[in-house]
Amino acid sequence: MEKKDLVIRIAGEGGEGVISTGDFIAAACARAGQEVYTFKTFPAEIKGGYAMYQVRTSLDPLFNQGDTFDILCAFNGEAYEVNRHRLVPGTAFVYDYPAGDFEPEIPDGVIAYPIPMSQTAKDMKSYRSKNMVALGALSALFNINEKTLIEVLIDKFKSKGPENLSFNLEAFHKGKELAAALGKKDLWRVADPVPAKDVLIISGNDAVGLGAILGGIRFYSAYPITPATEIAKFVAVHIPKVMGTLIQAEDEIASISQVLGASYAGKRAMTATSGPGLSLMGEMLGMASMSETPVLVVDVQRGGPGTGMPTKHEQSDLFLAIHGSHGDAPRIVMAVEDVGDCIHMTVEALNLAEHYQCPVILLSDGSLAFSTQTVPAPKPGAVKIVERKRWDGTGEYKRYQASPDGISPMADPGTPQGMHVATGLEHGPAGAPNHSPPNHEAMHRKRFGKLKTVVDFVAPTQVDGEGQADVGIIAWGSTIGVVREAVARLRADGIKVKGFYPKLMYPMPVAHYEAFAATCNKILVPEVNFQGQLSHFIRAETAIMPISMTICGGVPFTPIQIMNKVREIL
Amino acid sequence: MDADLSFLELVGLDFSGLAMAGANVSGSHVRGCVFAGCDLSGLYVQESDLTACDFRGSVLEEAFFQKTALEGSLFHGADLRWARFLLCDVRRGQFVDANMEGVHFMDAQLDGACFEGVTLSDAVLRGSSLTGVRFVNCDLRGVDFRKTNFHHADYASILAEGALFYGKPPWGGDVAAGGAAEMVIFDGE
Amino acid sequence: MSIAAVKKTTLKPKDYKSDVSVVWCPGCGHYGILNAIYRALSEAGVDPSQLISISGIGCSSRSPYFINSYKMHTLHGRAGPVATGAQLARPDLAILVLGGDGDGFSIGGGHMPHMARKNVDMTYVLFDNGIYGLTKGQYSPTSRPEMKAYTTPYGGPEEPMNPLLYMLTYGATYVAQAFAGKPSVCAELIKGGLEHRGFSYINIYSQCPSFNKIDTIEFYRDLVEAVPKDHDVTDLGAAINLARQSSEGRAPMGLLYKADRPTLDQRMHAMVEGVNGRPDYDLNQIIDLNRP
C-alpha cells in the first residue's frame, strides 16, 4: 500500500544546496495542495558543516515533523554517517553514488537509490547543479509534482537569466532520468495534486514578523541573537512601508528601553530576542509593569543556560518569562504551538499589551523559528486591533487613577493638559512618588488585579478529546503539535487519552487546568527542559499532581516518545 | 542674557532702581549694598555674602538664595513670592509688609527676624531655626513648620489654618490649624 | 533637539515648574541647573505638552518631576535608550534627557556612544558632580583621585574620564560645558541644545556639598575658563584640543562644537519615503510575498 504522509530528509554540507532543495520541495508540495511541515538544522559554522532539511508532507493537517524520516537523501558521507542508524527497513535511501565521497552499507530492508549526483554535475561542468540532480531524482521517485516543482524553479531562477534557468532544469531532468532508470522499489509516494488552498508557506520567525506588521506595530527595536534574528529581518523589510521604524540597538537592555520609550510616546512597539536577551531585559520589564506601559517581547527559546546551545531547541524559559524580574512584577505570558499561532498570537499579544498596559512575553522556540509550515493566508481586514484606552481630555488627568477594571487611560505626549510621569518608583494616582504601605498594596492590587480578565480576553487553552480518560496530556509550545498526533494515534489504538493545550501561560488559567484534570486518571506533562518547568507551575498553582516527562537534548519530542510513555504509565 | 555679577567684590555699592531680573550673584562679596526698588525677580544667588543689604521695595519673586549670608538685611515691602532661601543665614532679617506667599526657607537661620504684616501663606520653613522670630499680623495659613523650633517664636494676630507641624501649636486654641498633609518623599532610588 | 517644529508658547520660566517641590540638599548645584532649564525652555518657547523630559536614577534624575512636561523617570542608566525610542516614535516632539555622571557614564555608559554617533535628536544635560549622591557618596567615573569617598577611604584608584572628549570622539553634533554657578551660561547653552537639530550634549559641573567635599563652587570657578572668542565651533580638532585641557586643570566653558549632520529620525524618514510608505499600505502585498 502506498504511503502518502511522508518525511523526506535532505542532508549534506552547508552551501551544497541542502536548504534550497528542501525549500523547493516544500513550495512545490504546497502549490500542489499538500500540507507541509518542515524542520531544519544549520551548522554552527558560517560556511560548511552538516546541514539538514526535513520536509513532511501530507493531504491531512500536520502538527509536527514526524517520528523520523521515511526518505533520506544524502549529499555526502557525513550525511550518511549522521543518519545511518535511522535507516530502518522500509526507508528509501537516495545518495550520491558512484563518484561521491562514500560507499554506504545498505541495511536489510532499506531501499537504496544510488544517484551519481556529483558525477553528473561534474559532467555538466557545474558543481552547483548537484542539488538539482538530486531534486530531479526525488521528484521522479516519490511523485513530487513536476509541474509545480518546475514552476517554483522558474520563479526562483528567472531573475538570474535564461541560461541559468535552463542549466538548472537540464540538471533536474538528468536526475529524473537517472532515477527512472533505477525503477520504483518502495512505498513512499506524495499524493497526486489537489486544488491548491489559500495558504502561505512561512517560517515561525517570519510569521512572528508578519503578525507584528498585521498587528499594527510602528516601532521595533532589534538586537541580533540566534534563533530570533530573522524576525527583525522580516520586520526591517516591511515596517517602513507602514511608516514604522526598526532600529538596531546596542544591546538588549537598550532594545527593551527603546520599546518602552516608543510605547510611552504612543506607538505599538515590540522587540524579539532569545533567552540571554530576555535575561538582560528583566529589570526594564519590571519598569514596564510598574509604569503600566505596553511592551511586547517575543522570546524564541534556545538551549540554556549561559550561552547554552544557541541553535538548538528547548522550552526552558518559562520560569524566566513568568518571574524574571525583581519584585512582584505582573505580566502576561503566552506560548505559540505552531507557525499559524506565530502570526495570530503575535497580533493577540500586541492587543493584550495595549489593553492591559503591561509587558507581554510571547514564547516561541528554536524548532518553530526555522520550521516552515503551510498556514491559512491571513486576511488583513479580519485582523482585530485593540487600541489602548486613551484619556478623553476631560477633567483633571491622573495617569494611575484607580478604576473598576484596574486599567487607567493613557495620554499620548503632545496631548494638551495630559502631562504625566511614567515612573519606576512606586507612585500614587497622579504619578508622584508614594512609598506608604497602603499605597504600595493598593497599587499592587491594581496592577495584578487588572489581569484577572485576561483569561476571557483570549482563548487560554484547548482541550483535545471528550469524556473520561486514563491519561490526560498537558503540553505547551511546539510540544503540543507532537502530542496532538500522539493522542490521535493512541486513540486509534483504543487507548483513552486526552490532550490539554494551554496557550496562556500566565496568569495561569487554573480553573481550566483543574476542570481538565478532573476528567483524567493521570496527568502527563511532557516538555523540553530539564526541570519540568510547567509541571512546577502546575504543582504550585493547582491541586494537580502531574507526572513530569522531560527531555533536553536540543531536539523536539517525537510522537512515538509520547506514545511509549503513555503506554508505560497506563 | 541676564546680568552676571558672580565671583566679584561689590561691597557697599548702590544699585537702587535697576532692572536686574535673572541676575547671577554667585560667589560674590556684596555686603552692605543697596538694591532698593530693583527688579530682582528670578535672581540666582549661590554662596555669596549679602550681609546687611537693603532690598526694600524690590521685586524678588522666584529669587533663589542658597548658602548665602543675608544677616540683618532689609526686605520691607518687597515682593518675595515663591522665593527660596536654602541654608541661608537671615538672622535679624526685617520683613515688614512683604508679600511672601509660597516662600521657602529650608534649613535657614531666621533667629531674631521680624515678620510684620506679612503674607506667608503656603510658605515652607522646614528645618529652619526660629528662635525669637516675631510673627505679627501675619497670614500663616498652610505654612510648613515641620522640623522647626517654632515654639520659640512669638505670634500675635495671626491666621494659621492648614499650617503643618508636629504636636501642639504654640499659638492659642482659637486659631484653626491642621496636621501634616501628604508630602512627596523620594528616598534612595 | 530641533524645536523648530514644536508648538511654541510665551510661558515664563516659572510656568515650567511642576507642583512637586524640589528636594535636593540645600547647597546643591543642581538648583542652578534646574533654574537654567526653566529659563532655557521659556526662552525657546517650548509648549510643555510638546516636551518629554526623561531621566534615569540619581539625584539629578529627579529633575523631570520638577518640570512641567511629559516625563519618564526610568531605570538607572537607561534614560538614553528610552529617550531614543520616544524620539523615533514622536520626532515631532522635543526630548530632554537629564541625569548624572554615574547614571550616564557608568551604568549607562554603553548607551552614550550610540546616541552620539546615531545623532539622535535630543538634548542631554548631564549634571556632573563627580559623585554618587543618592547612595550617599561613592566615587563616580568623573571623580578626581584626590577625592576620599565612601568606597575610596584612601583616595581614588582611578583616573576620571573626560566627558567632552568622549562625546566629541563619538560624534555628538553639539557639545558644550558650563558650571552650576553660572546659570545664565547654562541656560544659553541648553537653549542652544534645544534649538540644535541632532544630539546635543551639555556637561554641567555641579557641586555636591553633602558628599563631594573637594569639588566646591570655588573649585569649579577656578577650573572653568570661557571658550576663546575666536574658537571656531565647526572645527572638531580645535574642540578636541579645548576638551583635552580638562585633564590639565582647566575646563572650557561654552560651546565647543556644533555640526550639521542628518539625524537618525531624518534617515528613518528617508527610508519610509524610499519604499513609498503610507499608513494605509495594502498589507496583502506583504502577505502575498509568502505564498508558496
# chains A, B, ... in the order shown; residues from 1 in each chain; ligands from 1
>>> residues_around(residues="B:Gly27", least_positions_apart="3", cutoff="10 Å", atoms="only C-alpha atoms", output="ChimeraX atom specification")
/B:5-9,24,30,45-49,67-68 /C:181,217-218,221
>>> residues_around(residues="B:Glu62", least_positions_apart="2", cutoff="6 Å", atoms="only C-alpha atoms", output="PyMOL selection string")
chain B and resi 41-42+82-83
>>> write_last_selection(atoms="N, CA and C atoms", output="PDB file, in the first residue's frame")
ATOM      1  N   SER B  41      13.607  89.833  40.128  1.00  0.00           N
ATOM      2  CA  SER B  41      12.862  88.579  40.019  1.00  0.00           C
ATOM      3  C   SER B  41      13.746  87.530  39.340  1.00  0.00           C
ATOM      4  N   GLY B  42      13.665  86.304  39.848  1.00  0.00           N
ATOM      5  CA  GLY B  42      14.476  85.226  39.286  1.00  0.00           C
ATOM      6  C   GLY B  42      15.958  85.347  39.601  1.00  0.00           C
ATOM      7  N   TRP B  82       7.283  83.089  46.317  1.00  0.00           N
ATOM      8  CA  TRP B  82       7.932  81.878  45.780  1.00  0.00           C
ATOM      9  C   TRP B  82       9.461  81.982  45.725  1.00  0.00           C
ATOM     10  N   ALA B  83      10.011  82.950  46.450  1.00  0.00           N
ATOM     11  CA  ALA B  83      11.479  82.995  46.537  1.00  0.00           C
ATOM     12  C   ALA B  83      11.953  81.857  47.439  1.00  0.00           C
TER      13      ALA B  83
END
>>> atom_distance(atom1="atom CA of A:Glu16", atom2="atom CA of A:Ala232")
26.5 Å
>>> interface_residues(of="chain A", to="chain C", cutoff="6 Å", atoms="only C-alpha atoms", output="PDB file with C-alpha atoms, in the first residue's frame")
ATOM      1  CA  ALA A  27       6.860  25.018  -2.070  1.00  0.00           C
ATOM      2  CA  LEU A 200       1.243  30.769   2.922  1.00  0.00           C
ATOM      3  CA  ILE A 201       4.368  28.737   3.432  1.00  0.00           C
ATOM      4  CA  PRO A 240       8.910  51.332   6.593  1.00  0.00           C
ATOM      5  CA  LYS A 241       6.041  50.522   4.222  1.00  0.00           C
ATOM      6  CA  VAL A 242       3.589  51.187   7.066  1.00  0.00           C
ATOM      7  CA  MET A 243       5.577  54.261   8.165  1.00  0.00           C
ATOM      8  CA  ALA A 254      18.656  49.272  25.038  1.00  0.00           C
ATOM      9  CA  SER A 257      14.278  50.534  26.812  1.00  0.00           C
ATOM     10  CA  GLN A 258      13.648  51.921  23.340  1.00  0.00           C
ATOM     11  CA  VAL A 259      10.458  49.875  23.094  1.00  0.00           C
ATOM     12  CA  GLY A 261      10.087  54.857  25.263  1.00  0.00           C
ATOM     13  CA  ALA A 262       8.275  54.398  21.963  1.00  0.00           C
ATOM     14  CA  ALA A 265       5.141  58.021  23.153  1.00  0.00           C
ATOM     15  CA  GLY A 414       1.528  66.099  22.815  1.00  0.00           C
ATOM     16  CA  PRO A 416      -2.730  69.273  25.917  1.00  0.00           C
ATOM     17  CA  MET A 419       1.276  65.813  31.097  1.00  0.00           C
ATOM     18  CA  HIS A 420       2.179  63.000  33.450  1.00  0.00           C
ATOM     19  CA  VAL A 421       5.099  60.889  34.566  1.00  0.00           C
ATOM     20  CA  ALA A 422       5.763  57.265  33.743  1.00  0.00           C
ATOM     21  CA  THR A 423       7.822  56.132  36.659  1.00  0.00           C
ATOM     22  CA  GLY A 424       9.595  53.124  38.031  1.00  0.00           C
TER      23      GLY A 424
END
>>> residues_around(residues="stretch 139-156 of chain B", least_positions_apart="5", cutoff="8 Å", atoms="only C-alpha atoms", output="PyMOL selection string")
chain B and resi 117-134+161-166+169-171
>>> interface_residues(of="chain A", to="chain B", cutoff="9 Å", atoms="only C-alpha atoms", output="list in words")
Leu425, Ala432, Pro433, Asn434 and His435 of chain A
>>> write_last_selection(atoms="C-alpha atoms", output="short mmCIF file (atom, residue, chain, number, x, y, z; two decimals), in the first residue's frame")
data_model
loop_
_atom_site.label_atom_id
_atom_site.label_comp_id
_atom_site.auth_asym_id
_atom_site.auth_seq_id
_atom_site.Cartn_x
_atom_site.Cartn_y
_atom_site.Cartn_z
CA LEU A 425 9.13 54.42 41.56
CA ALA A 432 4.02 61.30 42.35
CA PRO A 433 6.30 59.01 44.37
CA ASN A 434 4.44 57.42 47.25
CA HIS A 435 6.05 54.80 49.43
#
>>> residues_around(residues="A:His444", least_positions_apart="5", cutoff="9 Å", atoms="only C-alpha atoms", output="NGL selection string")
:A and (290 or 328-330 or 439 or 449)
>>> atom_distance(atom1="atom CA of A:Gly14", atom2="atom CA of A:Arg128")
12.4 Å
>>> select_by_dssp(residues="stretch 196-238 of chain C", states="strand (DSSP E or B)", output="MDAnalysis selection string")
chainID C and resid 199:205 224:226
>>> write_last_selection(atoms="C-alpha atoms", output="compact mmCIF listing (two decimals), in the first residue's frame")
# COMPACT_ATOMS: atom_id res chain seq x y z
CA PHE C 199 22.38 65.00 19.57
CA SER C 200 23.23 67.87 21.94
CA TYR C 201 25.38 67.16 24.96
CA ILE C 202 25.80 69.74 27.69
CA ASN C 203 28.10 68.85 30.59
CA ILE C 204 27.41 70.96 33.66
CA TYR C 205 29.66 70.83 36.70
CA VAL C 224 36.48 76.79 34.16
CA GLU C 225 37.68 79.16 31.53
CA ALA C 226 35.44 80.64 28.83
>>> residues_around(residues="A:Ala180", least_positions_apart="2", cutoff="12 Å", atoms="only C-alpha atoms", output="ChimeraX atom specification")
/A:113-115,136-143,173-178,182-185
>>> write_last_selection(atoms="C-alpha atoms", output="mmCIF file, in the first residue's frame")
data_model
loop_
_atom_site.group_PDB
_atom_site.id
_atom_site.type_symbol
_atom_site.label_atom_id
_atom_site.label_comp_id
_atom_site.auth_asym_id
_atom_site.auth_seq_id
_atom_site.Cartn_x
_atom_site.Cartn_y
_atom_site.Cartn_z
ATOM 1 C CA TYR A 113 18.730 4.524 -4.883
ATOM 2 C CA PRO A 114 22.325 5.386 -5.818
ATOM 3 C CA ILE A 115 22.299 8.514 -7.982
ATOM 4 C CA GLY A 136 15.037 15.577 -10.196
ATOM 5 C CA ALA A 137 15.654 12.107 -8.782
ATOM 6 C CA LEU A 138 13.463 12.759 -5.712
ATOM 7 C CA SER A 139 10.697 14.144 -7.910
ATOM 8 C CA ALA A 140 10.687 11.060 -10.145
ATOM 9 C CA LEU A 141 10.970 8.535 -7.291
ATOM 10 C CA PHE A 142 8.408 9.990 -4.898
ATOM 11 C CA ASN A 143 5.906 11.685 -7.189
ATOM 12 C CA HIS A 173 15.848 16.324 -15.903
ATOM 13 C CA LYS A 174 19.103 14.351 -15.813
ATOM 14 C CA GLY A 175 18.371 13.425 -12.187
ATOM 15 C CA LYS A 176 14.861 12.405 -13.142
ATOM 16 C CA GLU A 177 16.155 10.116 -15.906
ATOM 17 C CA LEU A 178 18.771 8.546 -13.611
ATOM 18 C CA LEU A 182 16.525 2.546 -11.324
ATOM 19 C CA GLY A 183 12.815 1.795 -11.088
ATOM 20 C CA LYS A 184 10.462 2.359 -8.109
ATOM 21 C CA LYS A 185 11.006 -0.143 -5.306
#
>>> interface_residues(of="chain C", to="chain B", cutoff="6 Å", atoms="only C-alpha atoms", output="PyMOL selection string")
chain C and resi 26-27+134
>>> residues_around(residues="stretch 166-177 of chain C", least_positions_apart="6", cutoff="9 Å", atoms="only C-alpha atoms", output="ChimeraX atom specification")
/C:112-119,123,186,189-190,192-193,196-205,236,239-240,243,251-261
>>> select_by_dssp(residues="stretch 296-412 of chain A", states="helix (DSSP H, G or I)", output="PyMOL selection string")
chain A and resi 318-323+339-356+366-369+380-382
>>> atom_distance(atom1="atom CA of B:Ser73", atom2="atom CA of B:Arg92")
7.5 Å
>>> residues_around(residues="C:Lys191", least_positions_apart="4", cutoff="8 Å", atoms="only C-alpha atoms", output="ChimeraX atom specification")
/C:40-41,43-44,187,195
>>> write_last_selection(atoms="C-alpha atoms", output="PDB file, in the first residue's frame")
ATOM      1  CA  ALA C  40      16.044  77.796  28.519  1.00  0.00           C
ATOM      2  CA  LEU C  41      12.610  76.237  27.999  1.00  0.00           C
ATOM      3  CA  GLU C  43      13.330  81.359  26.022  1.00  0.00           C
ATOM      4  CA  ALA C  44      12.994  78.575  23.468  1.00  0.00           C
ATOM      5  CA  ALA C 187      20.573  78.418  30.166  1.00  0.00           C
ATOM      6  CA  GLU C 195      17.434  74.550  19.063  1.00  0.00           C
TER       7      GLU C 195
END
